[in-house]
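Peer 1: Sending over a structure as structure tokens; questions will come in a sec.
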Amino acid sequence: MNKIKLELLSPAKDLECGIAAINCGADAVYIGAPSFGARSGAGNSIEDINKLIEYAHKYWAKVYVTVNTIIYDDELEEVHLLINKLYEIGADAIIFQDMALLEMELPPIQLYASTQTHNYEIERIKMLDSAGIKRIILARELTLDEIRAIKNEINAELEFFVHGALCVSLSGQCYMSHELTGRSANRGECAQNCRMPYSLIDAGGKTLIENKHLLSLRDLNLSEYLNDLVSAGVTSFKIEGRLKDASYVKNITAFYRAQLDDIINNNPDYEKASSGYSVISFEPDPEKTFNRGYTSYFINDRSDKVSSHDSPKSTGKYLGKVTETGKEHFTIGTVDKITNGDGICFFNHSGELLGMNISRAEGQTVFTKDLLGIKKGTKIYRNFDHAFDKELNKESYRKISVNLFIEESDTGISIEVIDADNVTAKINFETTKEIAENPIQAEENIKKQFSKSGDTIFSINEVKIKINKILFFPVKLLNQMRRTVLSELENQRLKTRKIDLREKTAPSELLINNNLTNNLVSKSQPVEIDYKSNVVNKLSESFYNKLGFNKIEPGFEKQKDFSGKVVMTCKYCIKDELGLCPFDTDKRVEEPLFLVNESRKYLLNFNCKDCLMEIIVA
């Protein structure tokens, strides 16, 4: 029986981050294309993506390229040419949002449905599965039970976010940024309105909460639920962070690599999705990297607080409470070592996050000329760990174990190398046979030189010599033979690497053949699509037309009048977060409720039947 491959998928802002992710154990990385990558600040050149692909494929790791914005008509040809180019350089899959791609004549590169395709409802997910989509990246809001039910209904691979920043809106369903600034989240230009402060106002104009970050969520951490996710059918575990730096990528990748390895090592049904092992220069710890505090979100339904109302900034790791203050110092009750160069932060009496860089610390005592209002009992967090950052900057690397066999041949010696994946290279070197005067020393020298692997991707696990009378070889020749045979092994790895290609059947044809033409909208409106399907070009419109949808509202970005429009749909609920869910308490507030800041006023609609909150332009 074939083992199930479990994939750790890491983000790559750029080439440096991508290589760092591979070195720290990622089975795959996802990186933005030069354009249309849903992160306008994280585009990469074809040349850099090509370099990353070449590096990753040595380890049988994969590179997925994001082309997951919505696309306007005058951009369709550019996208078509881009995907062809990405296929030519060996990209393993395209992560997409716009259904226009399903109408294009594309090369047989795999298409993965981005979470931006709104993979929250089973009808939508079944449609994508029937369209031949190899992998579906599920909405973050799904519970374990919902994921399990989805897997029972479809054949596609399931990818799920396990760590990183959370969008408060269902992915692909957020239009607040475009409504306010003209910068569309579905075009990779999100202005992060959700991280801004708002006041919560009731129907009578009473301020219930003033100037808090009411839509800002904590960061996701599902490290305790990996076994459950595997059991539910998830095979790709995704780390968010295509705007994060290499330090973040290294730390979080190394942490989840260790977690997944534990699962794989304790279950013979699973295996790693790529080759090799990583040598890590630090002890990974998610608390020491950028985070707003962690949440398991809705993986077990509404089981914990998910918001970060006080601040959208990183608090880092909790150190302890202040136990003593003086005129120019304070002491923290912590067992952690505090060092010069650390960054610490705390919330003042007004709930405002303040911070300072430590220029002098002795033990747990910090010396500063401005206490910034720190008092005894103040909770202190470290949002920059100077010592840990230095550890992160040390080299981590990745190797593939190899056994090497040396035998005498008629014309010289034969060298065979077999790696951990049973890939083999064998070369016969024609050499002069000179019997060694000191066979013990000569054999030791041969083993010594062939045990080296230098800057190759390999690590020599064992050297076996089968020669009746040990021969003498100059060190230079031994090194040359070793380099040659390891280079050939690397070539053989690339030749034997499995390439997963997509079938060429048109997705709309597959759907029609499977009688799944009415699964994108509610059954009460089987032939209508509203702006939330994000149709902004003729090919996407054609796709839905072929499936029987004859009334298609243009996407939000094509709208002129936003009044009364839902600009955000959230499973996160402000009432639930504040302990006001009508199913849990008798407390009531005067509704409707409004979110208000200096720029806008939004109406909140609580769809309790589906347990969703809608934010509407008032």
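Chains: A, B, ... in order of the structure tokens. Residues: from 1 per chain. Ligands: from 1, in order shown.
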Counting only C-alpha atoms, which residues of region 420-537 of chain A fall within 10 Å of region 66-72 of chain A, and what is the closest atom pair for each with its distance in Å at one decimal, ordered by chain and rising number, as a Markdown table?

Peer 2:
```
| residue | atom | partner | partner_atom | distance |
| --- | --- | --- | --- | --- |
| A:Asn534 | CA | A:Ile70 | CA | 7.1 |
| A:Val535 | CA | A:Ile70 | CA | 7.9 |
| A:Val536 | CA | A:Tyr72 | CA | 5.9 |
| A:Asn537 | CA | A:Tyr72 | CA | 5.3 |
```

Peer 1: Where in region 298-484 of chain A does DSSP assign strand (DSSP E or B), given as an MDAnalysis selection string?

Peer 2: chainID A and resid 299 301 307 317:325 329:332 343:347 353:357 361:362 365:367 379:384 397:408 412:419 424:430 435 458:466 471

Peer 1: Taking C-alpha atoms for each residue, export the selection above as an mmCIF file, in the first residue's frame.

Peer 2:
```cif
data_model
loop_
_atom_site.group_PDB
_atom_site.id
_atom_site.type_symbol
_atom_site.label_atom_id
_atom_site.label_comp_id
_atom_site.auth_asym_id
_atom_site.auth_seq_id
_atom_site.Cartn_x
_atom_site.Cartn_y
_atom_site.Cartn_z
ATOM 1 C CA ILE A 299 -11.082 24.292 14.495
ATOM 2 C CA ASP A 301 -16.044 25.535 16.648
ATOM 3 C CA SER A 307 -9.654 38.640 18.665
ATOM 4 C CA LYS A 317 6.350 36.091 24.169
ATOM 5 C CA TYR A 318 5.004 36.791 27.634
ATOM 6 C CA LEU A 319 7.866 37.191 30.115
ATOM 7 C CA GLY A 320 6.133 37.939 33.405
ATOM 8 C CA LYS A 321 4.848 40.686 35.649
ATOM 9 C CA VAL A 322 6.841 43.601 37.007
ATOM 10 C CA THR A 323 7.738 42.794 40.627
ATOM 11 C CA GLU A 324 9.564 46.003 41.516
ATOM 12 C CA THR A 325 10.044 49.505 40.170
ATOM 13 C CA HIS A 329 14.636 50.671 36.633
ATOM 14 C CA PHE A 330 12.102 47.872 36.946
ATOM 15 C CA THR A 331 12.384 44.134 37.617
ATOM 16 C CA ILE A 332 10.469 41.428 35.778
ATOM 17 C CA GLY A 343 12.576 44.644 22.525
ATOM 18 C CA ILE A 344 9.846 44.535 25.156
ATOM 19 C CA CYS A 345 6.281 45.823 25.225
ATOM 20 C CA PHE A 346 3.305 46.158 27.559
ATOM 21 C CA PHE A 347 -0.232 47.535 27.695
ATOM 22 C CA LEU A 353 0.555 48.914 23.517
ATOM 23 C CA LEU A 354 3.861 50.620 24.321
ATOM 24 C CA GLY A 355 7.399 49.331 24.002
ATOM 25 C CA MET A 356 11.093 50.001 24.405
ATOM 26 C CA ASN A 357 14.461 48.639 23.354
ATOM 27 C CA ALA A 361 19.825 44.812 31.639
ATOM 28 C CA GLU A 362 21.239 43.019 34.657
ATOM 29 C CA THR A 365 16.260 44.137 36.003
ATOM 30 C CA VAL A 366 15.924 46.628 33.162
ATOM 31 C CA PHE A 367 17.416 50.101 33.433
ATOM 32 C CA LYS A 379 2.602 42.334 32.251
ATOM 33 C CA ILE A 380 5.744 42.447 30.096
ATOM 34 C CA TYR A 381 6.132 40.780 26.696
ATOM 35 C CA ARG A 382 9.260 40.379 24.582
ATOM 36 C CA ASN A 383 8.559 41.129 20.907
ATOM 37 C CA PHE A 384 12.205 41.000 19.839
ATOM 38 C CA TYR A 397 21.121 23.376 5.992
ATOM 39 C CA ARG A 398 19.573 20.294 4.467
ATOM 40 C CA LYS A 399 21.195 17.032 3.424
ATOM 41 C CA ILE A 400 20.241 13.714 1.847
ATOM 42 C CA SER A 401 21.904 10.595 3.262
ATOM 43 C CA VAL A 402 24.009 8.514 0.862
ATOM 44 C CA ASN A 403 25.771 5.158 1.059
ATOM 45 C CA LEU A 404 28.863 4.791 -1.125
ATOM 46 C CA PHE A 405 30.357 1.559 -2.437
ATOM 47 C CA ILE A 406 33.801 1.196 -4.012
ATOM 48 C CA GLU A 407 34.769 -1.928 -5.943
ATOM 49 C CA GLU A 408 37.687 -2.849 -8.150
ATOM 50 C CA GLY A 412 40.128 0.707 -12.415
ATOM 51 C CA ILE A 413 37.483 1.156 -9.759
ATOM 52 C CA SER A 414 33.695 1.345 -9.816
ATOM 53 C CA ILE A 415 31.910 3.746 -7.480
ATOM 54 C CA GLU A 416 28.217 3.401 -6.727
ATOM 55 C CA VAL A 417 26.165 5.784 -4.590
ATOM 56 C CA ILE A 418 22.640 5.083 -3.311
ATOM 57 C CA ASP A 419 20.679 7.803 -1.549
ATOM 58 C CA THR A 424 21.468 5.252 -7.693
ATOM 59 C CA ALA A 425 24.433 6.479 -9.696
ATOM 60 C CA LYS A 426 27.331 4.249 -10.710
ATOM 61 C CA ILE A 427 30.483 5.246 -12.568
ATOM 62 C CA ASN A 428 33.472 3.175 -13.628
ATOM 63 C CA PHE A 429 36.706 5.173 -13.409
ATOM 64 C CA GLU A 430 39.591 3.956 -15.513
ATOM 65 C CA ILE A 435 49.102 -1.427 -4.966
ATOM 66 C CA PHE A 458 24.417 14.960 0.209
ATOM 67 C CA SER A 459 25.748 13.587 3.451
ATOM 68 C CA ILE A 460 27.840 10.410 3.250
ATOM 69 C CA ASN A 461 26.385 7.930 5.697
ATOM 70 C CA GLU A 462 28.681 4.963 4.988
ATOM 71 C CA VAL A 463 31.638 4.089 2.765
ATOM 72 C CA LYS A 464 32.213 0.419 1.915
ATOM 73 C CA ILE A 465 35.346 -0.735 0.106
ATOM 74 C CA LYS A 466 35.459 -4.081 -1.686
ATOM 75 C CA LEU A 471 45.112 0.542 -4.196
#
```

Peer 1: Would you pick out the contacts of Asp269 (chain A) at 12 Å or less, using only C-alpha atoms, so that residues sharing its chain but fewer than 6 positions from it are not included, and give the list as a tab-separated table (two decimals) with N, CA and C atoms, in the first residue's frame?

Peer 2:
```
chain	number	residue	atom	x	y	z
A	1	MET	N	0.83	-1.19	0.00
A	1	MET	CA	0.00	0.00	0.00
A	1	MET	C	0.87	1.25	0.00
A	2	ASN	N	0.53	2.19	-0.86
A	2	ASN	CA	1.29	3.43	-0.91
A	2	ASN	C	1.04	4.26	0.34
A	3	LYS	N	2.11	4.83	0.85
A	3	LYS	CA	1.98	5.68	2.01
A	3	LYS	C	1.40	7.04	1.62
A	4	ILE	N	0.74	7.68	2.57
A	4	ILE	CA	0.19	9.02	2.35
A	4	ILE	C	1.29	10.04	2.63
A	5	LYS	N	1.53	10.91	1.67
A	5	LYS	CA	2.56	11.92	1.84
A	5	LYS	C	1.97	13.13	2.57
A	6	LEU	N	2.63	13.55	3.63
A	6	LEU	CA	2.24	14.75	4.36
A	6	LEU	C	3.20	15.87	3.99
A	230	VAL	N	-4.71	15.57	10.14
A	230	VAL	CA	-4.33	14.42	9.32
A	230	VAL	C	-5.47	13.41	9.27
A	231	SER	N	-6.04	13.12	10.42
A	231	SER	CA	-7.15	12.17	10.49
A	231	SER	C	-8.36	12.66	9.71
A	263	ILE	N	4.68	12.89	13.89
A	263	ILE	CA	3.51	12.16	13.40
A	263	ILE	C	3.94	11.06	12.43
```

Peer 1: Might you pull out every residue within 9 Å of region 149-153 of chain A, with only C-alpha atoms counted and same-chain residues fewer than 5 positions away left off, and present them as a ChimeraX atom specification?

Peer 2: /A:122,125-126,144,158,232-234

Peer 1: Please measure the separation of CA of Met176 (chain A) and CA of Val567 (chain A), giving the value in Å to one decimal.

Peer 2: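 Distance between the two atoms: 5.0 Å.
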
Peer 1: If you run DSSP on this backbone, which residues of region 391-520 of chain A come out as alpha helix (DSSP H), and could you give them as an NGL selection string?

Peer 2: :A and (391-392 or 439-450 or 475-496 or 507-513)

Peer 1: Take the residues from that selection and put them in a file with C-alpha atoms, as a PDB file, in the first residue's frame.

Peer 2:
```pdb
ATOM      1  CA  GLU A 391      20.810  32.107  16.556  1.00  0.00           C
ATOM      2  CA  LEU A 392      18.397  32.369  13.632  1.00  0.00           C
ATOM      3  CA  PRO A 439      47.258  -0.567   2.778  1.00  0.00           C
ATOM      4  CA  ILE A 440      45.827   0.421   6.180  1.00  0.00           C
ATOM      5  CA  GLN A 441      46.709   4.069   5.704  1.00  0.00           C
ATOM      6  CA  ALA A 442      45.584   4.004   2.056  1.00  0.00           C
ATOM      7  CA  GLU A 443      42.189   2.532   3.005  1.00  0.00           C
ATOM      8  CA  GLU A 444      41.720   5.119   5.749  1.00  0.00           C
ATOM      9  CA  ASN A 445      42.575   7.845   3.268  1.00  0.00           C
ATOM     10  CA  ILE A 446      40.043   6.544   0.725  1.00  0.00           C
ATOM     11  CA  LYS A 447      37.320   6.421   3.390  1.00  0.00           C
ATOM     12  CA  LYS A 448      38.253   9.869   4.644  1.00  0.00           C
ATOM     13  CA  GLN A 449      38.038  11.514   1.221  1.00  0.00           C
ATOM     14  CA  PHE A 450      34.837   9.739   0.219  1.00  0.00           C
ATOM     15  CA  VAL A 475      43.946  12.725  -2.788  1.00  0.00           C
ATOM     16  CA  LYS A 476      43.217  15.017  -5.728  1.00  0.00           C
ATOM     17  CA  LEU A 477      41.981  12.083  -7.816  1.00  0.00           C
ATOM     18  CA  LEU A 478      39.832  10.712  -4.986  1.00  0.00           C
ATOM     19  CA  ASN A 479      38.162  14.094  -4.536  1.00  0.00           C
ATOM     20  CA  GLN A 480      37.556  14.403  -8.268  1.00  0.00           C
ATOM     21  CA  MET A 481      35.918  10.963  -8.417  1.00  0.00           C
ATOM     22  CA  ARG A 482      33.738  11.757  -5.408  1.00  0.00           C
ATOM     23  CA  ARG A 483      32.565  15.042  -6.896  1.00  0.00           C
ATOM     24  CA  THR A 484      31.834  13.360 -10.229  1.00  0.00           C
ATOM     25  CA  VAL A 485      29.745  10.528  -8.816  1.00  0.00           C
ATOM     26  CA  LEU A 486      27.774  12.821  -6.466  1.00  0.00           C
ATOM     27  CA  SER A 487      27.092  15.186  -9.340  1.00  0.00           C
ATOM     28  CA  GLU A 488      25.758  12.265 -11.348  1.00  0.00           C
ATOM     29  CA  LEU A 489      23.573  11.225  -8.418  1.00  0.00           C
ATOM     30  CA  GLU A 490      22.096  14.716  -8.324  1.00  0.00           C
ATOM     31  CA  ASN A 491      21.360  14.449 -12.056  1.00  0.00           C
ATOM     32  CA  GLN A 492      19.699  11.081 -11.531  1.00  0.00           C
ATOM     33  CA  ARG A 493      17.534  12.566  -8.773  1.00  0.00           C
ATOM     34  CA  LEU A 494      16.255  15.221 -11.162  1.00  0.00           C
ATOM     35  CA  LYS A 495      15.595  12.609 -13.856  1.00  0.00           C
ATOM     36  CA  THR A 496      13.640  10.330 -11.507  1.00  0.00           C
ATOM     37  CA  PRO A 507     -13.049  22.055 -16.535  1.00  0.00           C
ATOM     38  CA  SER A 508     -16.442  23.330 -17.737  1.00  0.00           C
ATOM     39  CA  GLU A 509     -16.820  20.151 -19.828  1.00  0.00           C
ATOM     40  CA  LEU A 510     -16.039  18.015 -16.778  1.00  0.00           C
ATOM     41  CA  LEU A 511     -18.653  19.858 -14.757  1.00  0.00           C
ATOM     42  CA  ILE A 512     -21.320  19.528 -17.408  1.00  0.00           C
ATOM     43  CA  ASN A 513     -20.574  15.825 -17.769  1.00  0.00           C
TER      44      ASN A 513
END
```

Peer 1: Give me the residues near Ala506 (chain A) as a PDB file with N, CA and C atoms, in the first residue's frame, where near means some atom within 10 Å (using only C-alpha atoms) and where sequence neighbours in that chain fewer than 4 positions away do not count.

Peer 2:
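result.pdb, written as the output of this step:
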```pdb
ATOM      1  N   LEU A 102      -9.729  28.634 -15.959  1.00  0.00           N
ATOM      2  CA  LEU A 102     -10.339  27.366 -16.352  1.00  0.00           C
ATOM      3  C   LEU A 102     -10.893  27.413 -17.770  1.00  0.00           C
ATOM      4  N   GLU A 103     -10.910  28.597 -18.368  1.00  0.00           N
ATOM      5  CA  GLU A 103     -11.345  28.759 -19.750  1.00  0.00           C
ATOM      6  C   GLU A 103     -10.172  28.976 -20.697  1.00  0.00           C
ATOM      7  N   MET A 104      -8.970  29.112 -20.152  1.00  0.00           N
ATOM      8  CA  MET A 104      -7.796  29.346 -20.985  1.00  0.00           C
ATOM      9  C   MET A 104      -7.225  28.034 -21.518  1.00  0.00           C
ATOM     10  N   GLU A 105      -6.551  28.119 -22.649  1.00  0.00           N
ATOM     11  CA  GLU A 105      -5.815  26.979 -23.198  1.00  0.00           C
ATOM     12  C   GLU A 105      -4.436  26.993 -22.545  1.00  0.00           C
ATOM     13  N   LEU A 106      -4.318  26.278 -21.427  1.00  0.00           N
ATOM     14  CA  LEU A 106      -3.094  26.315 -20.630  1.00  0.00           C
ATOM     15  C   LEU A 106      -2.282  25.035 -20.814  1.00  0.00           C
ATOM     16  N   ALA A 131     -14.395  19.812 -11.379  1.00  0.00           N
ATOM     17  CA  ALA A 131     -13.749  20.506 -12.500  1.00  0.00           C
ATOM     18  C   ALA A 131     -12.324  20.024 -12.720  1.00  0.00           C
ATOM     19  N   GLY A 132     -11.894  19.052 -11.929  1.00  0.00           N
ATOM     20  CA  GLY A 132     -10.564  18.481 -12.104  1.00  0.00           C
ATOM     21  C   GLY A 132      -9.470  19.197 -11.345  1.00  0.00           C
ATOM     22  N   LEU A 510     -15.967  18.993 -17.858  1.00  0.00           N
ATOM     23  CA  LEU A 510     -16.039  18.015 -16.778  1.00  0.00           C
ATOM     24  C   LEU A 510     -17.263  18.262 -15.903  1.00  0.00           C
ATOM     25  N   LEU A 511     -17.519  19.528 -15.609  1.00  0.00           N
ATOM     26  CA  LEU A 511     -18.653  19.858 -14.757  1.00  0.00           C
ATOM     27  C   LEU A 511     -19.977  19.508 -15.417  1.00  0.00           C
TER      28      LEU A 511
END
```

Peer 1: Just checking: using only C-alpha atoms, which residue out of A:Leu180, A:Ala156, A:Leu215, A:Val279 ends up closest to Ser563 (chain A)?

Peer 2: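 Counting only C-alpha atoms, the residue closest to Ser563 (chain A) is A:Leu180.
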
Peer 1: Nearest residue to Gly341 (chain A) out of A:Thr289, A:Ser359, A:Asn155, A:Thr117, using only C-alpha atoms?

Peer 2: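 Closest residue, counting only C-alpha atoms: A:Ser359.
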